[in-house]
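Notes follow the structure.
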Amino acid sequence: QEDGSPDEPIFPIEKAGLLKNINITFDMRMDFQAYTFRGGDNYYNGLQFENGFTALGISAKINEKLNFRFRNRFNKDADVQSLDRLGSNIELAYIDLELSKKLDLYAGKMTAFYGGYEYEFIARDILEYNDIYGNALAFVTGAGITWQAFENHKFGMQVLNSRTALYEDLYGDIVAENIQEPDWPVTFVANWRGSFFDGKLETIYSFSNSTEVKDRGTTFFTLGNKYQNKNLTLMYDFHYSYEQIDTKGIVTSTLNDGSIAENVTYIENWLRAEYKFSPKFQGLLTLMTSSAYDNAKAGNDFIRTSYGIIPTVYYIPFKDLNVKFYFAYIGRYYDYSDYAIDVLGASSYNKNEVRLGFIAPLLLL
Amino acid sequence: QEDGSPDEPIFPIEKAGLLKNINITFDMRMDFQAYTFRGGDNYYNGLQFENGFTALGISAKINEKLNFRFRNRFNKDADVQSLDRLGSNIELAYIDLELSKKLDLYAGKMTAFYGGYEYEFIARDILEYNDIYGNALAFVTGAGITWQAFENHKFGMQVLNSRTALYEDLYGDIVAENIQEPDWPVTFVANWRGSFFDGKLETIYSFSNSTEVKDRGTTFFTLGNKYQNKNLTLMYDFHYSYEQIDTKGIVTSTLNDGSIAENVTYIENWLRAEYKFSPKFQGLLTLMTSSAYDNAKAGNDFIRTSYGIIPTVYYIPFKDLNVKFYFAYIGRYYDYSDYAIDVLGASSYNKNEVRLGFIAPLLLL
Amino acid sequence: QEDGSPDEPIFPIEKAGLLKNINITFDMRMDFQAYTFRGGDNYYNGLQFENGFTALGISAKINEKLNFRFRNRFNKDADVQSLDRLGSNIELAYIDLELSKKLDLYAGKMTAFYGGYEYEFIARDILEYNDIYGNALAFVTGAGITWQAFENHKFGMQVLNSRTALYEDLYGDIVAENIQEPDWPVTFVANWRGSFFDGKLETIYSFSNSTEVKDRGTTFFTLGNKYQNKNLTLMYDFHYSYEQIDTKGIVTSTLNDGSIAENVTYIENWLRAEYKFSPKFQGLLTLMTSSAYDNAKAGNDFIRTSYGIIPTVYYIPFKDLNVKFYFAYIGRYYDYSDYAIDVLGASSYNKNEVRLGFIAPLLLL
């Protein structure tokens, strides 16, 4: 089995030229954690080392018009998914074709064009996600375009699979009249990236609509806003997700009756402030809330609000490398409503954690 | 744990020299599919994006005599197989030692030296396989030699494991008198690659014999023929596989009684025509049939014939890159015999599909 | 999702410079095996090809102070482990920060600093491990330091997770009063690497103490000694492991009553001699014994001694490459005590094996 078609470029390119056009990166976040769970049935302490983010990345400029990007994240399982035929570990495997100076076409497994600055960071830089992105499917297969309509405004549109696994693998066992196989499990995403006042204010807003099972899906919009001056960066995101069947699982797991929750709503606020005290020291503060509601069509039962607070200090020892050592506190409080406690038997709980670790984006080649 | 033995070459080689001798490739096929299943119990429509082929390859010339090749295909599961200790995702991991100008020794996990031009393509370039290669084990561990006996004639021989998993993992639960553990689950393969009329006519013929369980195995031969002129390539393969226990699973799944079919025969024809209309456009047509028979020793019951037709158009936008966009129709018709329908309860069905996608053999380094 | 933080070095480094500072390696051991099991219920012959070691390695000098090392071993499963969030296939993913000329800090998934020369080899070079290292967890996540205290004496200390999986995944189903979840499943390791008589005599001694479940763990020490002259290398290791709950599984599997053995002891001797007959030929002999005892607190019941003998010949065809072809006999004899045979129903058995294969440490870049 030799290749039936030439794999080599028809005009051989010098290796030195190739070398300029490839980046091999290795990204790590690793830490020591000490945490306590309290509340309800939770009474648990733990100490451990953990590899939070461990990924090999390759990006390459293949020719003038064609770019390629790949990321294998070793903290995610490699089981090949039944719908898109890649494991969760392959986060990125796509080509980017420059159709014109302002128009790019993307195809392959890629990041959904959702908005907000929490999502804009790669997972390496987020110690704890809020409830929506902590449970969302960020890497899916499909095609998209971006259009740099004006110097400061860029628009993106995508058509994507809405899942990585086939219906029968996710919902095959659930007998429910209105949870049936759709012809097309599809997500449409549109976003807008704006820049104002010489980049001091930036926005990433998105709107998306997906079909998860027949005639039922999710409507999700995000409003991400960022203010940046010399030493301070402020980010504020608002998220709203209305889900005809619950894809985040928070309401479903509160119901805990073997069915999937329907017509649920998640509403979130997320704020992150970063301040450079000096070239070697940075202070960060993340605050977040996420509220979950059930039965949007009949009563809109409030289920819970979760709160998060993450003060962090970065120590950046090298001038020429963006390697950071960090110390953080992560507080998470899950407050259930009287309805959830009395009727569904839920109970409020909290997690308190400190972490000491490092974040290393390493450029190998 | 530092290495007990030096990993570095004893005479250090300049990195620039190394760079010339390594190729890192990334191969992709990704598409949008729309398909219908009809016939028997099948009534199903689907639309989806799929990653058909996603693989990282490394090949290297280590020194004058030693070459190395590796391929990790991310669309296949990584579970380590019990017999050869690699996952299905590791398709290639072998060395090629040039014993003389005409004689090469191969050892490791490699492609079996089966013949035919359908098999000669890597899976990236085949949208749908015929029944035998769609169910055959192509990547196995063993050793082989190739001998360039004459300028236009090359012979290959291999001794390979006949499976990747141990007997008990594949057959442990099947109680049958004649399905017992063999001492050596081995495949012997021999092939001949011929070239005639200045390469206008080429052949890849192979013969192989394997032991799958004790005293029972498969006899498989292939006759692959290829005619090529300036713009037209014509390939015709004939395949015959006689299997004392069914390793392709088609007759077994038709019997559907929990046992493995025995003494089955598969006979196939495969034709592919490729025509270059212009440097940017190519037209392809694949036609194929595969017939399956049960009980070769007593009656040779005809089970089914499957048919395939795959007209395809390639659009190749770049002069310097072999990246193709393609549009294809894939028709597959599975016609069961009266015997299979009346006695075994099978029913004929068909699949109609259109695909729009791209094939990208990317040379990264 | 573009990276929120710059991945590129702040002062761009020329790629040619990067190239000098990265090593990409591929390590292989692959062989043909013929073996027999005899004794007790064992009566089994087998012949097969096997990929014993197949791994991609990357090591890089990121800047003056920071080094990085990664190894993906494809013969191990990729299922992400619940405690440290990496699969067993990711053996190494750590940074090495040079705090001073004599002090290094390590953090990430790495080799535990256990001693002995059997452990000092990478698995590529060990055809068969003795009982402790054949069942030990060598690659775990944590942090460590090494201190080159004197020119010939180096000390190392580590704090590591004592497992890769969470308590409930390993012990969740076992109901036993004294096997409870600990706050911190931790291992402390200290080692000493000494060099005497111009490096003719070297030592690697280690002491470690781990907590596996609440208040119960393992005390393990190793004494590794190596004598080397021009053509001869002699290594002798002594290992002693006292395990309040059995983490090697040998006594547990002999008891075979669904519980985990407690207060077991393993005592081992391991000897390896290597002799260079000529630049192309080397002879090796490994001898080993391992004895297992149960109930250290009450009677110290002797369970079994296993013996191993591995004469090996290396043929090294290339001057400039450390690629070896080898032929080896591996004899393993498992002699159970009268107590194990009479009371526990064990029976002695042996395995005889010959192997013909190659060991290839390939420097790709």
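Numbering starts fresh at 1 for the residues of each chain in the structure tokens, the chains themselves are lettered A, B, ... in the order given, and ligands are numbered from 1 as they appear.
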> Which chain C residues are at most 8 Å from chain B (counting only C-alpha atoms), as a ChimeraX atom specification?
Replying inline: /C:19-20,30,32,45-52,54,74-78,111,113,119-122,319-322,361-365
Pull C-alpha atoms from the residues just selected and write them as a CSV table (one decimal), in the first residue's frame.
```
chain,number,residue,atom,x,y,z
C,19,LEU,CA,15.7,23.2,16.0
C,20,LYS,CA,18.9,22.8,17.9
C,30,MET,CA,9.5,-5.5,18.4
C,32,PHE,CA,8.9,-12.7,17.4
C,45,ASN,CA,2.1,-23.0,23.5
C,46,GLY,CA,2.2,-19.8,21.5
C,47,LEU,CA,4.0,-18.1,18.7
C,48,GLN,CA,3.4,-14.5,17.8
C,49,PHE,CA,4.9,-11.2,16.8
C,50,GLU,CA,4.6,-8.5,19.4
C,51,ASN,CA,5.3,-4.8,19.7
C,52,GLY,CA,6.9,-4.6,23.1
C,54,THR,CA,6.5,1.7,20.7
C,74,PHE,CA,1.4,3.5,22.2
C,75,ASN,CA,1.5,0.1,23.9
C,76,LYS,CA,-0.5,1.4,26.9
C,77,ASP,CA,-4.1,2.4,27.1
C,78,ALA,CA,-5.2,6.0,26.5
C,111,THR,CA,9.2,8.8,36.6
C,113,PHE,CA,12.8,8.5,41.7
C,119,TYR,CA,14.3,0.5,36.9
C,120,GLU,CA,17.0,2.8,35.4
C,121,PHE,CA,16.6,1.2,32.0
C,122,ILE,CA,13.6,2.4,30.0
C,319,LYS,CA,28.5,2.1,13.7
C,320,ASP,CA,26.5,5.3,13.8
C,321,LEU,CA,23.2,4.0,15.2
C,322,ASN,CA,22.4,2.1,18.4
C,361,PRO,CA,16.1,4.1,19.6
C,362,LEU,CA,15.5,6.4,16.6
C,363,LEU,CA,16.5,10.1,16.7
C,364,LEU,CA,14.1,11.6,14.1
C,365,LEU,CA,14.9,15.3,14.6
```
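By chain and then residue number, the residues within 12 Å of Ser208 of chain C are Ala112, Phe113, Tyr114, Gly115, Gly156, Met157, Gln158, Val159, Leu160, Ser162, Val186, Thr187, Phe188, Val189, Ala190, Asn191, Trp192, Gly217, Thr218, Thr219, Phe220, Phe221, Thr222, His239, Tyr240, Ser241, Tyr242 and Glu243 of chain C, counting only C-alpha atoms and disregarding those fewer than 5 positions away in sequence.
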Pull N, CA, C and O atoms from the residues just selected and write them as a compact mmCIF listing (two decimals), in the first residue's frame.
```txt
# COMPACT_ATOMS: atom_id res chain seq x y z
N ALA C 112 8.87 8.14 38.88
CA ALA C 112 9.20 8.17 40.31
C ALA C 112 10.69 7.93 40.47
O ALA C 112 11.28 7.16 39.72
N PHE C 113 11.31 8.60 41.45
CA PHE C 113 12.76 8.48 41.66
C PHE C 113 13.12 7.20 42.39
O PHE C 113 13.90 7.24 43.36
N TYR C 114 12.57 6.07 41.96
CA TYR C 114 12.97 4.81 42.59
C TYR C 114 14.38 4.46 42.13
O TYR C 114 14.85 4.93 41.08
N GLY C 115 15.01 3.60 42.88
CA GLY C 115 16.38 3.24 42.57
C GLY C 115 16.51 1.87 41.92
O GLY C 115 15.53 1.22 41.59
N GLY C 156 17.82 13.18 45.23
CA GLY C 156 16.52 13.55 44.68
C GLY C 156 15.42 13.34 45.70
O GLY C 156 15.52 12.44 46.55
N MET C 157 14.41 14.18 45.65
CA MET C 157 13.25 14.03 46.53
C MET C 157 12.00 14.35 45.73
O MET C 157 11.99 15.26 44.91
N GLN C 158 10.95 13.60 45.99
CA GLN C 158 9.70 13.81 45.27
C GLN C 158 8.50 13.71 46.18
O GLN C 158 8.50 12.95 47.15
N VAL C 159 7.47 14.47 45.84
CA VAL C 159 6.13 14.29 46.39
C VAL C 159 5.23 13.98 45.20
O VAL C 159 5.17 14.77 44.25
N LEU C 160 4.57 12.83 45.24
CA LEU C 160 3.83 12.34 44.08
C LEU C 160 2.46 11.82 44.50
O LEU C 160 2.29 11.36 45.63
N SER C 162 0.07 8.84 44.84
CA SER C 162 0.42 7.43 44.95
C SER C 162 -0.36 6.56 43.96
O SER C 162 -0.11 5.37 43.86
N VAL C 186 -0.59 9.84 48.69
CA VAL C 186 0.69 10.48 48.39
C VAL C 186 1.85 9.50 48.53
O VAL C 186 1.80 8.57 49.33
N THR C 187 2.86 9.70 47.73
CA THR C 187 4.12 8.97 47.85
C THR C 187 5.26 9.97 48.04
O THR C 187 5.33 10.95 47.30
N PHE C 188 6.09 9.72 49.04
CA PHE C 188 7.33 10.48 49.21
C PHE C 188 8.49 9.57 48.79
O PHE C 188 8.56 8.42 49.23
N VAL C 189 9.34 10.10 47.91
CA VAL C 189 10.48 9.30 47.43
C VAL C 189 11.76 10.10 47.63
O VAL C 189 11.79 11.30 47.37
N ALA C 190 12.80 9.42 48.08
CA ALA C 190 14.12 10.04 48.16
C ALA C 190 15.11 9.08 47.54
O ALA C 190 15.00 7.87 47.72
N ASN C 191 16.06 9.62 46.76
CA ASN C 191 17.09 8.72 46.25
C ASN C 191 18.46 9.37 46.28
O ASN C 191 18.61 10.57 46.48
N TRP C 192 19.45 8.54 46.14
CA TRP C 192 20.84 8.97 46.13
C TRP C 192 21.55 8.29 44.97
O TRP C 192 21.45 7.08 44.81
N GLY C 217 -0.17 2.00 53.65
CA GLY C 217 0.60 2.28 52.44
C GLY C 217 1.75 1.33 52.31
O GLY C 217 1.73 0.21 52.85
N THR C 218 2.77 1.77 51.59
CA THR C 218 3.89 0.93 51.22
C THR C 218 5.19 1.58 51.64
O THR C 218 5.37 2.78 51.49
N THR C 219 6.10 0.78 52.19
CA THR C 219 7.46 1.21 52.47
C THR C 219 8.36 0.41 51.54
O THR C 219 8.32 -0.82 51.55
N PHE C 220 9.12 1.10 50.71
CA PHE C 220 9.85 0.44 49.63
C PHE C 220 11.26 0.98 49.62
O PHE C 220 11.46 2.19 49.60
N PHE C 221 12.27 0.09 49.72
CA PHE C 221 13.61 0.61 49.47
C PHE C 221 14.35 -0.25 48.47
O PHE C 221 14.07 -1.43 48.30
N THR C 222 15.28 0.39 47.78
CA THR C 222 16.04 -0.27 46.73
C THR C 222 17.51 0.07 46.90
O THR C 222 17.87 1.18 47.26
N HIS C 239 15.75 -5.24 46.34
CA HIS C 239 14.50 -4.51 46.58
C HIS C 239 13.75 -5.11 47.76
O HIS C 239 13.66 -6.34 47.88
N TYR C 240 13.20 -4.23 48.56
CA TYR C 240 12.36 -4.68 49.67
C TYR C 240 11.12 -3.81 49.71
O TYR C 240 11.22 -2.58 49.75
N SER C 241 9.94 -4.42 49.63
CA SER C 241 8.71 -3.64 49.68
C SER C 241 7.75 -4.24 50.70
O SER C 241 7.37 -5.42 50.58
N TYR C 242 7.41 -3.45 51.69
CA TYR C 242 6.43 -3.90 52.69
C TYR C 242 5.14 -3.13 52.42
O TYR C 242 5.12 -1.89 52.43
N GLU C 243 4.06 -3.84 52.16
CA GLU C 243 2.85 -3.20 51.67
C GLU C 243 1.67 -3.52 52.59
O GLU C 243 1.23 -4.66 52.69
```
> Skipping near chain neighbours, those fewer than 2 positions away, what residues fall within 7 Å of Ile204 of chain A using only C-alpha atoms, listed as a PyMOL selection string?
Replying inline: chain A and resi 115-116+191-194+206+223-225
Keeping C-alpha atoms, export the residues of the selection given above as a PDB file, in the first residue's frame.
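As written to disk, part.pdb reads:
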```pdb
ATOM      1  CA  GLY A 115     -18.925  34.325  22.006  1.00  0.00           C
ATOM      2  CA  GLY A 116     -17.804  35.645  25.332  1.00  0.00           C
ATOM      3  CA  ASN A 191     -20.843  35.750  15.819  1.00  0.00           C
ATOM      4  CA  TRP A 192     -19.575  39.293  15.656  1.00  0.00           C
ATOM      5  CA  ARG A 193     -16.195  40.502  16.840  1.00  0.00           C
ATOM      6  CA  GLY A 194     -16.061  44.239  17.252  1.00  0.00           C
ATOM      7  CA  SER A 206     -22.832  35.192  19.267  1.00  0.00           C
ATOM      8  CA  LEU A 223     -22.604  38.939  24.918  1.00  0.00           C
ATOM      9  CA  GLY A 224     -18.896  39.222  25.612  1.00  0.00           C
ATOM     10  CA  ASN A 225     -17.291  42.562  26.383  1.00  0.00           C
TER      11      ASN A 225
END
```
>> Residues of segment 69-223 of chain B classed as helix (DSSP H, G or I) by DSSP on the backbone are to be reported as an NGL selection string.
In response: :B and (117-120 or 123-125 or 131-135 or 167-171)
Keeping C-alpha atoms for every residue in the selection just given, could you write it to a file as a PDB file, in the first residue's frame?
```pdb
ATOM      1  CA  TYR B 117      -5.461  -1.258  -6.654  1.00  0.00           C
ATOM      2  CA  GLU B 118      -8.386  -0.650  -4.317  1.00  0.00           C
ATOM      3  CA  TYR B 119      -6.043  -1.713  -1.513  1.00  0.00           C
ATOM      4  CA  GLU B 120      -3.090   0.203  -2.979  1.00  0.00           C
ATOM      5  CA  ALA B 123      -8.069   4.905   2.972  1.00  0.00           C
ATOM      6  CA  ARG B 124      -7.953   8.695   2.561  1.00  0.00           C
ATOM      7  CA  ASP B 125      -8.619   8.228  -1.149  1.00  0.00           C
ATOM      8  CA  ASP B 131     -16.993  -5.819   1.109  1.00  0.00           C
ATOM      9  CA  ILE B 132     -13.674  -7.649   1.539  1.00  0.00           C
ATOM     10  CA  TYR B 133     -11.374  -4.669   2.192  1.00  0.00           C
ATOM     11  CA  GLY B 134     -14.131  -2.885   4.083  1.00  0.00           C
ATOM     12  CA  ASN B 135     -13.923  -5.705   6.646  1.00  0.00           C
ATOM     13  CA  TYR B 167      -8.072 -15.940  20.616  1.00  0.00           C
ATOM     14  CA  GLU B 168      -9.959 -15.598  23.900  1.00  0.00           C
ATOM     15  CA  ASP B 169     -10.889 -11.994  23.175  1.00  0.00           C
ATOM     16  CA  LEU B 170     -12.316 -12.876  19.765  1.00  0.00           C
ATOM     17  CA  TYR B 171     -13.531 -16.460  20.085  1.00  0.00           C
TER      18      TYR B 171
END
```
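Between atom CA of Phe281 of chain A and atom CA of Val313 of chain A there is a distance of 7.2 Å.
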> Any idea what's packed within 12 Å of Leu287 of chain B, counting only C-alpha atoms, ignoring anything in its chain fewer than 6 positions away? Could you give it as a PyMOL selection string?
Replying inline: chain B and resi 118+128-130+234-237+268-274+306-312+329-333
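Going from atom CA of Gly39 of chain A to atom CA of Gly345 of chain A covers 13.2 Å.
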>> Just list as a ChimeraX atom specification whatever in segment 126-286 of chain C DSSP marks as strand (DSSP E or B).
In response: /C:139-150,153-161,186-196,201-213,216-228,232-245,262-278,281-286
>> Taking 2 positions as the minimum chain separation for residues in the same chain, which residues sit within 7 Å of Asp246 of chain A when counting only C-alpha atoms? Answer as a ChimeraX atom specification.
In response: /A:243-244,248-249,252,260-262,264
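Look at Phe196 of chain B: the protein and nucleic acid residues within 10 Å of it, using only C-alpha atoms and passing over chain neighbours fewer than 6 places away, are Asn152, His153, Glu202, Thr203 and Tyr227 of chain B.
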>> Residues near Lys324 of chain B, anyone? I mean within 9 Å using only C-alpha atoms, not counting same-chain ones fewer than 6 positions away, as a PyMOL selection string.
In response: chain B and resi 280+314-318+357-360
> What gap, in Å, lies between atom CA of Ala34 of chain B and atom CA of Glu91 of chain B?
Replying inline: 28.8 Å
